[in-house]
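Have a look at the structure below before the remarks.
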There are 2 protein chains.
Amino acid sequence: MADDLVVVSNRGPVSYRVDDDGKLVPRRGAGGLISTLGPALAARAKGGRTTTDTWVAAAISKGDRRAAAQDPAENEGVRIRLLAVDEDAYRAFYDVISNQTLWFAYHGLDHRPLTPSLGRAWHRAFEAYVEVNRAFAEAVAEEAPDGATVLVHDLHLSLVGGHLARERPDLATAHFAHTPFCWPDGLAVLPAGRRRQLLEGLAGHGAVGFHSSRWERAFLACCTESEVAPPATFVSPAAVEPADLGAVAESEDGIRRLAEIEELVGDRQLLVRVDRMELSKNVVRGFSAFALLLEDHPELVDRVLFVACCYPSRESLPEYAAYRDAVFAEVARVNERFGPVIDLVAEDDFPRSVAALCRADVALINPVRDGLNMVAKELAIVNRRDAVLCLSPEAGAWEELGGAGALAAPPFDLAGTADALHEALTMGADERADRAKRLREAASARTPTDWLGDQLRQARRPAG
Amino acid sequence: MADDLVVVSNRGPVSYRVDDDGKLVPRRGAGGLISTLGPALAARAKGGRTTTDTWVAAAISKGDRRAAAQDPAENEGVRIRLLAVDEDAYRAFYDVISNQTLWFAYHGLDHRPLTPSLGRAWHRAFEAYVEVNRAFAEAVAEEAPDGATVLVHDLHLSLVGGHLARERPDLATAHFAHTPFCWPDGLAVLPAGRRRQLLEGLAGHGAVGFHSSRWERAFLACCTESEVAPPATFVSPAAVEPADLGAVAESEDGIRRLAEIEELVGDRQLLVRVDRMELSKNVVRGFSAFALLLEDHPELVDRVLFVACCYPSRESLPEYAAYRDAVFAEVARVNERFGPVIDLVAEDDFPRSVAALCRADVALINPVRDGLNMVAKELAIVNRRDAVLCLSPEAGAWEELGGAGALAAPPFDLAGTADALHEALTMGADERADRAKRLREAASARTPTDWLGDQLRQARRPAG
């Protein structure tokens, strides 16, 4: 039935660990996809529907693999089908192609005079990517009722639509891209045949959705340059579920973290950033720009504290370890020069991050490229002090927030970023209140259910 | 008069040194622009015209600065006006903006998680770039007869057209881009205001020309994204002057170099590359792919010699020095593993490069991006052994040569490049002859005069 829904993503809404007694213990899955798609599906399940939605996801942990061998569990009204694939194939699919090749290409993170350098192992990894995508498509083909709608998420699963179009032409499908899409020179790292295979796989979905119209235009330019017939495309930025965020802020942990930050800040202004320690997030330049601000305006040295919540990410990759080192080195340099002006906590502490967003006077979110950047919307919604947002125009969220009160923090431009920070830190109360109100309205204009609704409306049977 | 011509470029056709007696000694200017535009202008001067063409160029050397203070000299029928600007401003214009910012952006050479990082000094350098461009425009405005045609060349002089359109709306102008143009994410390194200023400066010319339609499409996409009204555009790949190249091959030096190479090669096959030691040329991956070829096909170890003529480039920039080190390290690694299979000469020895192109059995030209790559055309014209060309699809010349017998050497793909080399080295004589013939025809299809003619035809008064 048209109302039947199958969601497909690498990470699922539930992950399992094996406890000391050998029993499977479920816990909520991590990641931005879950935090926005989860509430929307839960709301759908409560809506008195007669069908049950299915979520197909990879079995990642040991516990997941055991769970995959059992009957699908149900979680918040959604049936969860975990798919176990060969572990080596999964690693090649996940680490090499998804995280290193596609993530780097879409965000422009390579040093192209030297990286990437694709040898025989890379070509085998791409074969594994194709195989894992086919396995997902086969699982969906088994699970999906006649004429169901299938929503495929993120860069891991670019090729599911192409397989499904051949095996199950009755299904309406849509792919949603959570990352930016690069323009054609970004995709040039892929050999031409693989580039075309990737684009044809995406174009094999009935429609392809993006957080921002810029990624949509870049994707269409890639299709044109590779002579791939483009699919229908749509733009639908994901949205924050305010209730979830509010619950964290009001939790015991959240309240304690906020008190700790208050004590740390004292009567200074609080500048905040919250990100993964990720090459695309531009943490180093953020600190360099802050140092330039203090150099230009020494009167601010004792009046501003920069609290940075940068939780660890992909630390097994050498590029990420090197970047982490560069971040720490820059913090040490700045604090040595100006005194303790930066407080960097490089741990995953979500209540502390939410508390920092609540208490911020100014937030700096300056990625070199970012599919959307949900933190920008979270700040707009949970902040209690009319915080000024300095946001990179290279974040997808700029399309919604740039005209709604955010200041531009040009990511490669230390001087421009320092100027934006100065404007934010010295802004009068009325302008702050006006901008914060507009930001809040823009960030609250849509809900996770709106976002899911767009995908359901846009999904269709692929052409051809 | 419409037949009057003013050419504008950073480097001119003649450079001066001061000899021991304090006299100015002219010598032919260096660079690809001179080698293709020079012959076309000389041919024009011999055509019995009644007007004299003028070439406006920067005074770069000490001798040039002295010459700039004197009356313009004439060289091969072209009047040469050298323009001396403030030395600090010139360095900022040339080193910081032209060579580091724009060259890196257009070729995609930055490691964007960390570079570039634009501080106050960069903003001052951009001001200098604007000023030097204005000085060039003012010199042209002084020199150009009523209704003359002005041809502006290369990334140093993006803004000349915009100034001229205001000061001398009677002039027909065209800008020619010798580099690739990047898609919009490449140009994102520039702060939005500077990005728009750059594009508006280019769009201020009556027309903008490119070596390849891909750079044209990328430029137009940048205009769209920055909401700049695009100018007329055209595609006209530059061409080789075969007589000049033949003269070098037949010279005493050329003949001696060829004999030296013959002795070095013996009865092995000769694989050749000729480039500047430049981050965009992909020298390291070329050697890595060769090593992969020998690993896959050990029978070739004693049967192929790789002669690489990589002359020095911009060695004062740390990025280039580091790249040079990486090249030498890779050569050492490969030769240690397989014996002396790579002969790298990192000196500027044009007769040797031409001799290597004459003698090559296979040529590898695999840039990560390249505006055109004239060496690919030179090989096709001077080679005497039906050499197989393995060419990067990211070189502008691919548009002319890719369908005319060149094999694809995908620049980021070691495995694909090794496979192309294997195909080239094991190709039968008939197929080699057929491909070499088609390559030669494609590379000879146009002359420098055709290229200049396209620019003259396309130049027009700017719109608006």
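As shown in the structure tokens, the chain order sets the letters A, B, ...; within each chain, residues go from 1, and ligands are also counted from 1 in the order they appear.
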
_Within 9 Å of chain B: residues of chain A, using only C-alpha atoms, as a PyMOL selection string_ = chain A and resi 108-120+122-123+182-186+188-192+214+218+221+225+279-285+288-289+292+323+368-369+394+410-416

_Taking the DSSP secondary structure from the backbone, can you list the residues of segment 266-450 of chain A that are strand (DSSP E), as a count of residues only?_
30

*asked:* Please list as a list in words every residue within 9 Å of Gly402 of chain B, counting only C-alpha atoms and excluding residues in the same chain fewer than 4 positions away.
replied: Leu391, Ser392, Pro393, Ala397, Trp398, Ala406, Leu407, Ala408 and Leu439 of chain B

For the selection you just gave me, I'd like the residues written to a file as a PDB file, in the first residue's frame, keeping C-alpha atoms.
```pdb
ATOM      1  CA  LEU B 391      46.581  11.912 -20.667  1.00  0.00           C
ATOM      2  CA  SER B 392      44.584  13.063 -17.651  1.00  0.00           C
ATOM      3  CA  PRO B 393      40.940  13.815 -18.436  1.00  0.00           C
ATOM      4  CA  ALA B 397      43.674  19.369 -23.810  1.00  0.00           C
ATOM      5  CA  TRP B 398      41.636  16.222 -23.137  1.00  0.00           C
ATOM      6  CA  ALA B 406      44.981   9.527 -26.184  1.00  0.00           C
ATOM      7  CA  LEU B 407      44.435   6.963 -23.416  1.00  0.00           C
ATOM      8  CA  ALA B 408      42.867   8.209 -20.164  1.00  0.00           C
ATOM      9  CA  LEU B 439      46.758  12.776 -32.213  1.00  0.00           C
TER      10      LEU B 439
END
```

Skipping near chain neighbours, those fewer than 6 positions away, what residues fall within 12 Å of Asn10 of chain B using only C-alpha atoms, listed as a JSON list (two decimals) with all heavy atoms, in the first residue's frame?
```
[["chain", "number", "residue", "atom", "x", "y", "z"],
["B", 29, "GLY", "N", 61.16, 36.68, -23.38],
["B", 29, "GLY", "CA", 60.48, 36.34, -22.13],
["B", 29, "GLY", "C", 60.15, 34.86, -22.05],
["B", 29, "GLY", "O", 60.06, 34.18, -23.08],
["B", 30, "ALA", "N", 59.98, 34.36, -20.84],
["B", 30, "ALA", "CA", 59.69, 32.94, -20.64],
["B", 30, "ALA", "C", 58.18, 32.73, -20.50],
["B", 30, "ALA", "O", 57.42, 33.67, -20.31],
["B", 30, "ALA", "CB", 60.41, 32.46, -19.38],
["B", 31, "GLY", "N", 57.75, 31.49, -20.61],
["B", 31, "GLY", "CA", 56.37, 31.16, -20.31],
["B", 31, "GLY", "C", 55.57, 30.76, -21.54],
["B", 31, "GLY", "O", 55.88, 31.14, -22.66],
["B", 33, "LEU", "N", 52.58, 31.57, -22.47],
["B", 33, "LEU", "CA", 51.86, 32.64, -23.16],
["B", 33, "LEU", "C", 52.68, 33.20, -24.32],
["B", 33, "LEU", "O", 52.18, 33.38, -25.43],
["B", 33, "LEU", "CB", 51.55, 33.74, -22.14],
["B", 33, "LEU", "CG", 50.90, 35.02, -22.65],
["B", 33, "LEU", "CD1", 49.50, 34.73, -23.17],
["B", 33, "LEU", "CD2", 50.83, 36.07, -21.56],
["B", 34, "ILE", "N", 53.97, 33.46, -24.04],
["B", 34, "ILE", "CA", 54.85, 34.05, -25.05],
["B", 34, "ILE", "C", 55.01, 33.09, -26.23],
["B", 34, "ILE", "O", 55.01, 33.51, -27.39],
["B", 34, "ILE", "CB", 56.26, 34.33, -24.46],
["B", 34, "ILE", "CG1", 56.16, 34.97, -23.09],
["B", 34, "ILE", "CG2", 57.09, 35.15, -25.43],
["B", 34, "ILE", "CD1", 55.42, 36.24, -23.03],
["B", 55, "TRP", "N", 52.08, 45.79, -26.75],
["B", 55, "TRP", "CA", 51.99, 44.78, -25.69],
["B", 55, "TRP", "C", 52.34, 45.48, -24.38],
["B", 55, "TRP", "O", 53.44, 46.00, -24.23],
["B", 55, "TRP", "CB", 52.97, 43.63, -25.98],
["B", 55, "TRP", "CG", 52.76, 42.41, -25.14],
["B", 55, "TRP", "CD1", 52.41, 42.34, -23.83],
["B", 55, "TRP", "CD2", 52.91, 41.04, -25.57],
["B", 55, "TRP", "NE1", 52.32, 41.04, -23.41],
["B", 55, "TRP", "CE2", 52.63, 40.22, -24.46],
["B", 55, "TRP", "CE3", 53.27, 40.43, -26.78],
["B", 55, "TRP", "CZ2", 52.68, 38.82, -24.53],
["B", 55, "TRP", "CZ3", 53.32, 39.03, -26.84],
["B", 55, "TRP", "CH2", 53.02, 38.24, -25.74],
["B", 56, "VAL", "N", 51.38, 45.51, -23.46],
["B", 56, "VAL", "CA", 51.60, 46.11, -22.14],
["B", 56, "VAL", "C", 51.89, 44.98, -21.16],
["B", 56, "VAL", "O", 51.09, 44.05, -21.03],
["B", 56, "VAL", "CB", 50.38, 46.92, -21.68],
["B", 56, "VAL", "CG1", 50.62, 47.50, -20.28],
["B", 56, "VAL", "CG2", 50.06, 48.03, -22.67],
["B", 57, "ALA", "N", 53.02, 45.07, -20.47],
["B", 57, "ALA", "CA", 53.41, 44.02, -19.53],
["B", 57, "ALA", "C", 54.07, 44.64, -18.32],
["B", 57, "ALA", "O", 54.48, 45.81, -18.34],
["B", 57, "ALA", "CB", 54.35, 43.02, -20.21],
["B", 58, "ALA", "N", 54.19, 43.86, -17.26],
["B", 58, "ALA", "CA", 54.82, 44.36, -16.03],
["B", 58, "ALA", "C", 56.33, 44.44, -16.19],
["B", 58, "ALA", "O", 56.94, 43.57, -16.82],
["B", 58, "ALA", "CB", 54.46, 43.45, -14.86],
["B", 59, "ALA", "N", 56.92, 45.46, -15.62],
["B", 59, "ALA", "CA", 58.38, 45.52, -15.47],
["B", 59, "ALA", "C", 58.72, 44.68, -14.25],
["B", 59, "ALA", "O", 58.38, 45.03, -13.12],
["B", 59, "ALA", "CB", 58.81, 46.97, -15.27],
["B", 60, "ILE", "N", 59.39, 43.54, -14.49],
["B", 60, "ILE", "CA", 59.61, 42.59, -13.40],
["B", 60, "ILE", "C", 61.05, 42.66, -12.90],
["B", 60, "ILE", "O", 61.31, 42.85, -11.72],
["B", 60, "ILE", "CB", 59.25, 41.16, -13.87],
["B", 60, "ILE", "CG1", 57.76, 41.13, -14.28],
["B", 60, "ILE", "CG2", 59.51, 40.14, -12.77],
["B", 60, "ILE", "CD1", 57.29, 39.83, -14.90],
["B", 81, "ARG", "N", 55.36, 48.16, -24.10],
["B", 81, "ARG", "CA", 55.25, 49.13, -23.01],
["B", 81, "ARG", "C", 55.35, 48.38, -21.69],
["B", 81, "ARG", "O", 54.47, 47.57, -21.36],
["B", 81, "ARG", "CB", 53.89, 49.84, -23.13],
["B", 81, "ARG", "CG", 53.40, 50.52, -21.86],
["B", 81, "ARG", "CD", 53.96, 51.93, -21.69],
["B", 81, "ARG", "NE", 53.71, 52.44, -20.36],
["B", 81, "ARG", "CZ", 52.68, 53.23, -20.03],
["B", 81, "ARG", "NH1", 51.82, 53.62, -20.94],
["B", 81, "ARG", "NH2", 52.54, 53.66, -18.78],
["B", 82, "LEU", "N", 56.43, 48.62, -20.97],
["B", 82, "LEU", "CA", 56.59, 47.99, -19.65],
["B", 82, "LEU", "C", 56.07, 48.91, -18.57],
["B", 82, "LEU", "O", 56.28, 50.13, -18.62],
["B", 82, "LEU", "CB", 58.06, 47.65, -19.40],
["B", 82, "LEU", "CG", 58.64, 46.56, -20.30],
["B", 82, "LEU", "CD1", 60.11, 46.32, -19.98],
["B", 82, "LEU", "CD2", 57.85, 45.26, -20.15],
["B", 83, "LEU", "N", 55.39, 48.32, -17.61],
["B", 83, "LEU", "CA", 54.73, 49.10, -16.57],
["B", 83, "LEU", "C", 55.39, 48.78, -15.23],
["B", 83, "LEU", "O", 55.39, 47.63, -14.78],
["B", 83, "LEU", "CB", 53.25, 48.71, -16.53],
["B", 83, "LEU", "CG", 52.41, 49.35, -15.44],
["B", 83, "LEU", "CD1", 52.24, 50.85, -15.70],
["B", 83, "LEU", "CD2", 51.03, 48.68, -15.40],
["B", 84, "ALA", "N", 55.97, 49.81, -14.60],
["B", 84, "ALA", "CA", 56.61, 49.61, -13.30],
["B", 84, "ALA", "C", 55.63, 50.02, -12.20],
["B", 84, "ALA", "O", 55.14, 51.14, -12.19],
["B", 84, "ALA", "CB", 57.89, 50.44, -13.21],
["B", 85, "VAL", "N", 55.35, 49.09, -11.29],
["B", 85, "VAL", "CA", 54.50, 49.44, -10.14],
["B", 85, "VAL", "C", 55.33, 49.25, -8.87],
["B", 85, "VAL", "O", 56.39, 48.65, -8.89],
["B", 85, "VAL", "CB", 53.23, 48.58, -10.08],
["B", 85, "VAL", "CG1", 52.38, 48.77, -11.32],
["B", 85, "VAL", "CG2", 53.57, 47.11, -9.89],
["B", 90, "TYR", "N", 53.52, 44.90, -6.15],
["B", 90, "TYR", "CA", 53.69, 43.88, -7.18],
["B", 90, "TYR", "C", 53.82, 42.49, -6.57],
["B", 90, "TYR", "O", 53.21, 41.53, -7.04],
["B", 90, "TYR", "CB", 54.89, 44.19, -8.08],
["B", 90, "TYR", "CG", 55.00, 43.18, -9.20],
["B", 90, "TYR", "CD1", 54.21, 43.32, -10.34],
["B", 90, "TYR", "CD2", 55.84, 42.08, -9.09],
["B", 90, "TYR", "CE1", 54.27, 42.37, -11.36],
["B", 90, "TYR", "CE2", 55.89, 41.13, -10.09],
["B", 90, "TYR", "CZ", 55.12, 41.28, -11.23],
["B", 90, "TYR", "OH", 55.16, 40.34, -12.22],
["B", 93, "PHE", "N", 50.46, 41.33, -5.35],
["B", 93, "PHE", "CA", 49.65, 41.03, -6.54],
["B", 93, "PHE", "C", 50.07, 39.70, -7.16],
["B", 93, "PHE", "O", 49.23, 38.86, -7.51],
["B", 93, "PHE", "CB", 49.85, 42.20, -7.52],
["B", 93, "PHE", "CG", 49.74, 41.88, -8.99],
["B", 93, "PHE", "CD1", 48.52, 41.95, -9.64],
["B", 93, "PHE", "CD2", 50.88, 41.55, -9.74],
["B", 93, "PHE", "CE1", 48.42, 41.68, -11.01],
["B", 93, "PHE", "CE2", 50.79, 41.29, -11.10],
["B", 93, "PHE", "CZ", 49.55, 41.35, -11.74],
["B", 94, "TYR", "N", 51.39, 39.50, -7.27],
["B", 94, "TYR", "CA", 51.90, 38.33, -8.00],
["B", 94, "TYR", "C", 51.96, 37.08, -7.11],
["B", 94, "TYR", "O", 51.38, 36.05, -7.44],
["B", 94, "TYR", "CB", 53.28, 38.66, -8.57],
["B", 94, "TYR", "CG", 53.86, 37.54, -9.40],
["B", 94, "TYR", "CD1", 53.32, 37.24, -10.65],
["B", 94, "TYR", "CD2", 54.93, 36.79, -8.94],
["B", 94, "TYR", "CE1", 53.85, 36.20, -11.42],
["B", 94, "TYR", "CE2", 55.46, 35.75, -9.71],
["B", 94, "TYR", "CZ", 54.91, 35.47, -10.95],
["B", 94, "TYR", "OH", 55.42, 34.44, -11.70],
["B", 98, "SER", "N", 47.84, 36.16, -7.08],
["B", 98, "SER", "CA", 47.85, 35.40, -8.33],
["B", 98, "SER", "C", 48.32, 33.97, -8.12],
["B", 98, "SER", "O", 47.62, 33.01, -8.46],
["B", 98, "SER", "CB", 48.74, 36.10, -9.36],
["B", 98, "SER", "OG", 48.29, 37.42, -9.59],
["B", 132, "VAL", "N", 47.10, 47.15, -8.73],
["B", 132, "VAL", "CA", 47.96, 46.81, -9.87],
["B", 132, "VAL", "C", 47.10, 46.60, -11.12],
["B", 132, "VAL", "O", 47.46, 47.05, -12.21],
["B", 132, "VAL", "CB", 48.84, 45.58, -9.56],
["B", 132, "VAL", "CG1", 49.61, 45.14, -10.80],
["B", 132, "VAL", "CG2", 49.81, 45.90, -8.42],
["B", 133, "ASN", "N", 45.95, 45.96, -10.96],
["B", 133, "ASN", "CA", 45.05, 45.81, -12.10],
["B", 133, "ASN", "C", 44.61, 47.17, -12.63],
["B", 133, "ASN", "O", 44.54, 47.39, -13.84],
["B", 133, "ASN", "CB", 43.83, 44.96, -11.73],
["B", 133, "ASN", "CG", 44.04, 43.48, -12.00],
["B", 133, "ASN", "OD1", 43.62, 42.96, -13.02],
["B", 133, "ASN", "ND2", 44.73, 42.81, -11.08],
["B", 135, "ALA", "N", 46.30, 49.95, -12.37],
["B", 135, "ALA", "CA", 47.46, 50.57, -13.04],
["B", 135, "ALA", "C", 47.61, 50.02, -14.46],
["B", 135, "ALA", "O", 47.90, 50.78, -15.40],
["B", 135, "ALA", "CB", 48.73, 50.31, -12.23],
["B", 136, "PHE", "N", 47.40, 48.72, -14.63],
["B", 136, "PHE", "CA", 47.44, 48.14, -15.98],
["B", 136, "PHE", "C", 46.35, 48.76, -16.86],
["B", 136, "PHE", "O", 46.59, 49.13, -18.00],
["B", 136, "PHE", "CB", 47.25, 46.62, -15.92],
["B", 136, "PHE", "CG", 48.54, 45.86, -15.85],
["B", 136, "PHE", "CD1", 49.11, 45.53, -14.62],
["B", 136, "PHE", "CD2", 49.20, 45.46, -17.01],
["B", 136, "PHE", "CE1", 50.30, 44.83, -14.56],
["B", 136, "PHE", "CE2", 50.38, 44.76, -16.95],
["B", 136, "PHE", "CZ", 50.95, 44.44, -15.72],
["B", 152, "VAL", "N", 43.29, 40.81, -22.88],
["B", 152, "VAL", "CA", 43.87, 40.73, -21.54],
["B", 152, "VAL", "C", 44.08, 39.26, -21.18],
["B", 152, "VAL", "O", 43.16, 38.44, -21.35],
["B", 152, "VAL", "CB", 42.92, 41.39, -20.51],
["B", 152, "VAL", "CG1", 43.56, 41.38, -19.12],
["B", 152, "VAL", "CG2", 42.56, 42.80, -20.94],
["B", 153, "HIS", "N", 45.28, 38.93, -20.66],
["B", 153, "HIS", "CA", 45.61, 37.52, -20.47],
["B", 153, "HIS", "C", 45.88, 37.13, -19.03],
["B", 153, "HIS", "O", 46.58, 37.82, -18.31],
["B", 153, "HIS", "CB", 46.83, 37.17, -21.32],
["B", 153, "HIS", "CG", 46.46, 36.96, -22.75],
["B", 153, "HIS", "ND1", 46.13, 35.74, -23.26],
["B", 153, "HIS", "CD2", 46.28, 37.84, -23.76],
["B", 153, "HIS", "CE1", 45.80, 35.85, -24.53],
["B", 153, "HIS", "NE2", 45.89, 37.12, -24.87],
["B", 154, "ASP", "N", 45.28, 36.02, -18.65],
["B", 154, "ASP", "CA", 45.66, 35.23, -17.47],
["B", 154, "ASP", "C", 45.15, 35.81, -16.15],
["B", 154, "ASP", "O", 44.64, 36.91, -16.08],
["B", 154, "ASP", "CB", 47.17, 35.03, -17.44],
["B", 154, "ASP", "CG", 47.57, 33.64, -16.94],
["B", 154, "ASP", "OD1", 46.70, 32.88, -16.51],
["B", 154, "ASP", "OD2", 48.77, 33.33, -16.98],
["B", 155, "LEU", "N", 45.33, 34.99, -15.09],
["B", 155, "LEU", "CA", 44.68, 35.26, -13.81],
["B", 155, "LEU", "C", 45.22, 36.49, -13.08],
["B", 155, "LEU", "O", 44.57, 36.99, -12.16],
["B", 155, "LEU", "CB", 44.77, 34.01, -12.90],
["B", 155, "LEU", "CG", 46.11, 33.31, -12.72],
["B", 155, "LEU", "CD1", 47.05, 34.09, -11.83],
["B", 155, "LEU", "CD2", 45.86, 31.94, -12.13],
["B", 156, "HIS", "N", 46.40, 36.97, -13.47],
["B", 156, "HIS", "CA", 46.93, 38.16, -12.82],
["B", 156, "HIS", "C", 46.05, 39.38, -13.08],
["B", 156, "HIS", "O", 45.99, 40.29, -12.26],
["B", 156, "HIS", "CB", 48.34, 38.47, -13.32],
["B", 156, "HIS", "CG", 49.21, 37.26, -13.44],
["B", 156, "HIS", "ND1", 49.22, 36.46, -14.57],
["B", 156, "HIS", "CD2", 50.07, 36.71, -12.56],
["B", 156, "HIS", "CE1", 50.09, 35.46, -14.38],
["B", 156, "HIS", "NE2", 50.61, 35.58, -13.18],
["B", 157, "LEU", "N", 45.40, 39.40, -14.21],
["B", 157, "LEU", "CA", 44.74, 40.62, -14.68],
["B", 157, "LEU", "C", 43.24, 40.42, -14.86],
["B", 157, "LEU", "O", 42.66, 40.76, -15.88],
["B", 157, "LEU", "CB", 45.41, 41.07, -15.99],
["B", 157, "LEU", "CG", 46.92, 41.37, -15.82],
["B", 157, "LEU", "CD1", 47.56, 41.68, -17.17],
["B", 157, "LEU", "CD2", 47.14, 42.52, -14.85],
["B", 158, "SER", "N", 42.60, 39.92, -13.82],
["B", 158, "SER", "CA", 41.16, 39.65, -13.89],
["B", 158, "SER", "C", 40.32, 40.91, -13.96],
["B", 158, "SER", "O", 39.19, 40.88, -14.44],
["B", 158, "SER", "CB", 40.71, 38.86, -12.65],
["B", 158, "SER", "OG", 41.54, 37.75, -12.41],
["B", 160, "VAL", "N", 41.07, 44.07, -15.21],
["B", 160, "VAL", "CA", 41.38, 45.14, -16.17],
["B", 160, "VAL", "C", 40.14, 45.54, -16.95],
["B", 160, "VAL", "O", 39.87, 46.73, -17.15],
["B", 160, "VAL", "CB", 42.52, 44.67, -17.11],
["B", 160, "VAL", "CG1", 42.65, 45.61, -18.31],
["B", 160, "VAL", "CG2", 43.83, 44.60, -16.34]]
```

_I need the residues in segment 92-166 of chain A that are helix (DSSP H, G or I) according to DSSP; give them as an MDAnalysis selection string._
chainID A and resid 92:107 120:143 155:157 160:166

*Pick from B:Gln455, B:Gln197, B:Ser61, B:Ser236, whichever lies nearest to Cys223 of chain B using only C-alpha atoms*: B:Gln197

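If you look at atom CA of Val96 of chain B and atom CA of Phe328 of chain B, they are 26.5 Å away from each other.
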
Excluding same-chain residues fewer than 4 positions from Asp302 of chain A, what lies within 12 Å of it counting only C-alpha atoms, as a short mmCIF file (atom, residue, chain, number, x, y, z; two decimals) with N, CA, C and O atoms, in the first residue's frame?
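What landed in part-v4.cif:
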```
data_model
loop_
_atom_site.label_atom_id
_atom_site.label_comp_id
_atom_site.auth_asym_id
_atom_site.auth_seq_id
_atom_site.Cartn_x
_atom_site.Cartn_y
_atom_site.Cartn_z
N VAL A 265 32.41 30.92 33.65
CA VAL A 265 32.32 32.16 32.87
C VAL A 265 32.39 33.39 33.76
O VAL A 265 33.04 34.38 33.43
N GLY A 266 31.73 33.32 34.91
CA GLY A 266 31.67 34.49 35.78
C GLY A 266 30.97 35.64 35.07
O GLY A 266 29.92 35.43 34.46
N ASP A 267 31.56 36.83 35.11
CA ASP A 267 30.88 37.97 34.49
C ASP A 267 31.39 38.24 33.06
O ASP A 267 31.15 39.30 32.51
N ARG A 268 32.09 37.28 32.50
CA ARG A 268 32.55 37.45 31.12
C ARG A 268 31.42 37.10 30.13
O ARG A 268 30.43 36.49 30.49
N GLN A 269 31.62 37.49 28.88
CA GLN A 269 30.73 37.01 27.84
C GLN A 269 31.17 35.61 27.44
O GLN A 269 32.36 35.28 27.48
N LEU A 270 30.19 34.80 27.02
CA LEU A 270 30.50 33.42 26.67
C LEU A 270 30.36 33.21 25.16
O LEU A 270 29.28 33.37 24.59
N LEU A 294 41.35 39.04 19.57
CA LEU A 294 41.97 39.54 20.82
C LEU A 294 43.19 40.42 20.51
O LEU A 294 43.48 41.34 21.27
N HIS A 297 41.62 43.67 19.48
CA HIS A 297 40.83 44.29 20.55
C HIS A 297 41.28 43.74 21.90
O HIS A 297 40.55 42.96 22.53
N PRO A 298 42.46 44.17 22.38
CA PRO A 298 43.01 43.60 23.63
C PRO A 298 42.07 43.83 24.82
O PRO A 298 42.15 43.08 25.81
N PHE A 306 35.94 31.55 25.63
CA PHE A 306 35.53 30.71 24.50
C PHE A 306 35.44 29.27 25.01
O PHE A 306 36.45 28.64 25.31
N PHE A 338 47.44 34.72 25.48
CA PHE A 338 46.46 35.63 26.07
C PHE A 338 46.00 35.23 27.47
O PHE A 338 45.16 35.90 28.06
N GLY A 339 46.53 34.13 28.01
CA GLY A 339 45.96 33.61 29.26
C GLY A 339 44.86 32.62 28.93
O GLY A 339 44.60 32.34 27.75
N PRO A 340 44.19 32.07 29.96
CA PRO A 340 43.20 31.00 29.71
C PRO A 340 41.91 31.56 29.12
O PRO A 340 40.92 31.76 29.81
N VAL A 341 41.92 31.80 27.81
CA VAL A 341 40.75 32.38 27.14
C VAL A 341 39.93 31.33 26.41
O VAL A 341 38.79 31.60 26.00
N ILE A 342 40.50 30.14 26.19
CA ILE A 342 39.76 29.05 25.53
C ILE A 342 39.66 27.88 26.49
O ILE A 342 40.66 27.44 27.05
#
```
